[in-house]
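Comments concern the structure below.
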Amino acid sequence: MLLMNLQYLKSFYITVKLNSISKAAKELHLTQPGLSMQLQSLEKEFDSKLLTRSNRGVELTDAGKILFDYADTILSLQDNIQRDLSNFKTSKKELFLGACKSIGEHALPCSIYIFKNQHPDININFNIYNSQDVINRLKDNTINLGIVQGHISEETIDSEFIGEDPILLVTSSPTQKKEISLDELRDIPLISREKGSGNEKSVEEALKQHGIRSEDLNIMYRLNSMEAIKSSVASGKGMAFIPKLTIERELYEGTLHPVNVENLNVSSSYYIIYRKKHPFSIYEEEFKKFLQSSSRGFC
């Protein structure tokens, strides 16, 4: 039975990250022979060579690459366990939240502000990712609640509907045609979100119903920031599909203009997600209900 020493695993991980046994030994407050002994013990335990030394530092073997990927997850879980146990012992009230960019950069800050005013004793830790990364952060216990765009199918995760929002094709030019056909859409220069984003999935699913793939479109480039996409469209670089809730001000001020695509309706649903069998704290349950209520105050 494999009984891995987490300290040795951490030593291996730090050595790879710093690309140097001498630097890692200093970081870990070990002698270089002591660190080398730990790395050798780890190799013996796995019966595999994990590292090779070179003039450029240390290099991972194929076996080492596998272990390094697992080490990243295992050590992250260890940190999260220590964090949650520490919070439990000190009775800290902390919310660890993650949200996709389309809602996290625009609507949720107002909601968090309102909730914080109602619960001043709760510390809120909020990070923004794309939807797939929110799911990944849930799986490795970095966050306990996530908000994503689009329904997900994951065996270990449950979801509850929050709301729906239309996704609009927008341009910077007020002289642009107010409506285009699906065939015209194929040739228009588009700026898109990265693969794995909820916005991209929603657009792809709507187009798929008309037999159109993303490969059929004239996508100039992809950006992982909705703000960057908005700036690109506003400066005339192309058009983009953007959730309405993120461009309310631009539509009002006239810096962006919607273009209807004949017979194409694109919308996005938002869900709060969490690990199955996660034991909700009272304040996590309260925040979940708050996001599903009319008092959530999306900006």
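Residues in the structure tokens are numbered from 1 in each chain, the chains being A, B, ... in the order shown, and ligands are numbered from 1 in the order shown.
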If we count only C-alpha atoms, what is near Ser293 (chain A) at a cut-off of 12 Å, once residues fewer than 4 positions away on the same chain are taken out, given as a ChimeraX atom specification? /A:111,115,161-163,286-289,297-298
Next, write the just-selected residues to a file, as an mmCIF file, in the first residue's frame, keeping N, CA and C atoms as the atom set.
```
data_model
loop_
_atom_site.group_PDB
_atom_site.id
_atom_site.type_symbol
_atom_site.label_atom_id
_atom_site.label_comp_id
_atom_site.auth_asym_id
_atom_site.auth_seq_id
_atom_site.Cartn_x
_atom_site.Cartn_y
_atom_site.Cartn_z
ATOM 1 N N SER A 111 -24.435 42.503 -5.853
ATOM 2 C CA SER A 111 -25.070 41.516 -4.979
ATOM 3 C C SER A 111 -24.223 41.261 -3.745
ATOM 4 N N PHE A 115 -25.262 41.868 0.155
ATOM 5 C CA PHE A 115 -25.210 40.762 1.113
ATOM 6 C C PHE A 115 -24.255 41.086 2.258
ATOM 7 N N PHE A 161 -31.017 26.906 -10.695
ATOM 8 C CA PHE A 161 -31.223 28.021 -11.619
ATOM 9 C C PHE A 161 -31.313 29.349 -10.873
ATOM 10 N N ILE A 162 -30.647 30.380 -11.438
ATOM 11 C CA ILE A 162 -30.723 31.733 -10.878
ATOM 12 C C ILE A 162 -31.552 32.654 -11.766
ATOM 13 N N GLY A 163 -31.216 32.682 -13.055
ATOM 14 C CA GLY A 163 -31.926 33.584 -13.962
ATOM 15 C C GLY A 163 -31.433 33.429 -15.388
ATOM 16 N N GLU A 286 -27.707 30.875 3.243
ATOM 17 C CA GLU A 286 -28.337 32.196 3.137
ATOM 18 C C GLU A 286 -27.920 32.894 1.841
ATOM 19 N N PHE A 287 -26.643 32.783 1.477
ATOM 20 C CA PHE A 287 -26.182 33.429 0.251
ATOM 21 C C PHE A 287 -26.816 32.768 -0.974
ATOM 22 N N LYS A 288 -26.948 31.452 -0.943
ATOM 23 C CA LYS A 288 -27.572 30.728 -2.054
ATOM 24 C C LYS A 288 -29.018 31.193 -2.253
ATOM 25 N N LYS A 289 -29.756 31.302 -1.156
ATOM 26 C CA LYS A 289 -31.149 31.761 -1.244
ATOM 27 C C LYS A 289 -31.217 33.223 -1.678
ATOM 28 N N GLY A 297 -30.157 42.243 -6.291
ATOM 29 C CA GLY A 297 -29.624 43.531 -6.745
ATOM 30 C C GLY A 297 -28.549 43.447 -7.800
ATOM 31 N N PHE A 298 -28.737 42.620 -8.838
ATOM 32 C CA PHE A 298 -27.752 42.604 -9.930
ATOM 33 C C PHE A 298 -27.581 44.014 -10.489
#
```
Those of region 45-281 of chain A in DSSP strand (DSSP E), formatted as a ChimeraX atom specification: /A:51-54,57-60,94-100,123-129,145-149,157-171,179-180,190-193,219-223,240-243,257-261,267-275
Considering only C-alpha atoms, return as a short mmCIF file (atom, residue, chain, number, x, y, z; two decimals) with N, CA and C atoms, in the first residue's frame whatever protein or nucleic-acid residues lie within 12 Å of Glu285 (chain A), sequence-local ones (same chain, fewer than 6 positions apart) excluded.
```cif
data_model
loop_
_atom_site.label_atom_id
_atom_site.label_comp_id
_atom_site.auth_asym_id
_atom_site.auth_seq_id
_atom_site.Cartn_x
_atom_site.Cartn_y
_atom_site.Cartn_z
N LEU A 95 -17.08 33.03 3.25
CA LEU A 95 -17.66 32.54 2.02
C LEU A 95 -16.57 32.47 0.96
N ASN A 144 -16.53 26.99 -2.41
CA ASN A 144 -17.66 26.12 -2.02
C ASN A 144 -18.93 26.41 -2.80
N LEU A 145 -19.01 27.62 -3.37
CA LEU A 145 -20.16 27.99 -4.20
C LEU A 145 -19.64 28.64 -5.47
N ILE A 272 -26.28 28.62 -9.84
CA ILE A 272 -25.38 28.51 -8.70
C ILE A 272 -25.05 27.03 -8.55
N TYR A 274 -22.56 23.76 -6.71
CA TYR A 274 -21.87 23.35 -5.48
C TYR A 274 -21.64 21.85 -5.53
N HIS A 278 -22.22 18.55 -0.15
CA HIS A 278 -21.48 19.57 0.60
C HIS A 278 -22.31 20.01 1.80
N PRO A 279 -21.75 19.98 3.00
CA PRO A 279 -22.50 20.41 4.19
C PRO A 279 -22.53 21.94 4.28
N LEU A 291 -29.18 34.83 -3.70
CA LEU A 291 -28.97 34.96 -5.14
C LEU A 291 -30.20 34.55 -5.95
N GLN A 292 -31.05 33.73 -5.36
CA GLN A 292 -32.26 33.29 -6.06
C GLN A 292 -33.45 34.19 -5.77
#
```
Do you know which residues are at most 7 Å from region 5-8 of chain A counting only C-alpha atoms, after dropping those on the same chain fewer than 3 positions away, and could you put them as an NGL selection string? :A and (11-12 or 38-39 or 42)
Next, the residues of the selection above should be written as a short mmCIF file (atom, residue, chain, number, x, y, z; two decimals), in the first residue's frame with C-alpha atoms.
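Result saved to result_0.cif:
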```cif
data_model
loop_
_atom_site.label_atom_id
_atom_site.label_comp_id
_atom_site.auth_asym_id
_atom_site.auth_seq_id
_atom_site.Cartn_x
_atom_site.Cartn_y
_atom_site.Cartn_z
CA SER A 11 9.66 19.23 -1.57
CA PHE A 12 9.37 17.66 -5.03
CA GLN A 38 13.66 13.34 0.32
CA LEU A 39 13.52 13.31 -3.49
CA LEU A 42 9.98 9.68 -3.18
#
```
Determine, counting only C-alpha atoms, which protein, DNA and RNA residues have an atom within 10 Å of an atom of Ser232 (chain A); residues of the same chain fewer than 5 positions away are not included. Present the result as a PDB file with N, CA, C and O atoms, in the first residue's frame.
```
ATOM      1  N   THR A 171     -22.429  45.796 -32.371  1.00  0.00           N
ATOM      2  CA  THR A 171     -21.458  46.489 -33.208  1.00  0.00           C
ATOM      3  C   THR A 171     -21.269  47.895 -32.675  1.00  0.00           C
ATOM      4  O   THR A 171     -22.086  48.392 -31.892  1.00  0.00           O
ATOM      5  N   SER A 172     -20.201  48.551 -33.111  1.00  0.00           N
ATOM      6  CA  SER A 172     -19.974  49.940 -32.692  1.00  0.00           C
ATOM      7  C   SER A 172     -20.613  50.928 -33.646  1.00  0.00           C
ATOM      8  O   SER A 172     -20.754  52.109 -33.323  1.00  0.00           O
ATOM      9  N   ILE A 191     -15.366  38.715 -32.763  1.00  0.00           N
ATOM     10  CA  ILE A 191     -14.446  38.571 -31.641  1.00  0.00           C
ATOM     11  C   ILE A 191     -15.163  37.708 -30.611  1.00  0.00           C
ATOM     12  O   ILE A 191     -16.307  37.995 -30.245  1.00  0.00           O
ATOM     13  N   LEU A 223     -10.688  36.257 -26.880  1.00  0.00           N
ATOM     14  CA  LEU A 223     -10.180  36.939 -25.698  1.00  0.00           C
ATOM     15  C   LEU A 223     -10.827  36.335 -24.460  1.00  0.00           C
ATOM     16  O   LEU A 223     -11.995  35.947 -24.502  1.00  0.00           O
ATOM     17  N   MET A 226     -14.367  39.706 -21.046  1.00  0.00           N
ATOM     18  CA  MET A 226     -15.490  40.363 -21.692  1.00  0.00           C
ATOM     19  C   MET A 226     -15.243  41.861 -21.843  1.00  0.00           C
ATOM     20  O   MET A 226     -15.674  42.490 -22.810  1.00  0.00           O
ATOM     21  N   GLU A 227     -14.515  42.457 -20.894  1.00  0.00           N
ATOM     22  CA  GLU A 227     -14.185  43.871 -20.989  1.00  0.00           C
ATOM     23  C   GLU A 227     -13.309  44.138 -22.213  1.00  0.00           C
ATOM     24  O   GLU A 227     -13.474  45.140 -22.901  1.00  0.00           O
ATOM     25  N   LYS A 237     -13.192  46.990 -34.132  1.00  0.00           N
ATOM     26  CA  LYS A 237     -12.377  45.846 -34.565  1.00  0.00           C
ATOM     27  C   LYS A 237     -13.217  44.687 -35.093  1.00  0.00           C
ATOM     28  O   LYS A 237     -12.706  43.797 -35.754  1.00  0.00           O
ATOM     29  N   GLY A 238     -14.490  44.663 -34.757  1.00  0.00           N
ATOM     30  CA  GLY A 238     -15.357  43.572 -35.179  1.00  0.00           C
ATOM     31  C   GLY A 238     -16.640  43.582 -34.372  1.00  0.00           C
ATOM     32  O   GLY A 238     -16.927  44.542 -33.644  1.00  0.00           O
ATOM     33  N   MET A 239     -17.425  42.515 -34.508  1.00  0.00           N
ATOM     34  CA  MET A 239     -18.666  42.380 -33.763  1.00  0.00           C
ATOM     35  C   MET A 239     -18.525  41.215 -32.785  1.00  0.00           C
ATOM     36  O   MET A 239     -17.619  40.391 -32.906  1.00  0.00           O
ATOM     37  N   ALA A 240     -19.437  41.138 -31.810  1.00  0.00           N
ATOM     38  CA  ALA A 240     -19.339  40.071 -30.813  1.00  0.00           C
ATOM     39  C   ALA A 240     -20.695  39.773 -30.208  1.00  0.00           C
ATOM     40  O   ALA A 240     -21.580  40.650 -30.157  1.00  0.00           O
TER      41      ALA A 240
END
```
Neighbour list for Ser192 (chain A) as an NGL selection string, cut-off 9 Å, only C-alpha atoms, skip fewer than 3 positions in-chain: :A and (195 or 199-200 or 219-224 or 226 or 229 or 239-242)
Using backbone DSSP assignments, extract all helix (DSSP H, G or I) residues from region 20-173 of chain A; output them as an NGL selection string. :A and (21-27 or 32-46 or 62-90 or 101-104 or 108-118 or 131-139)
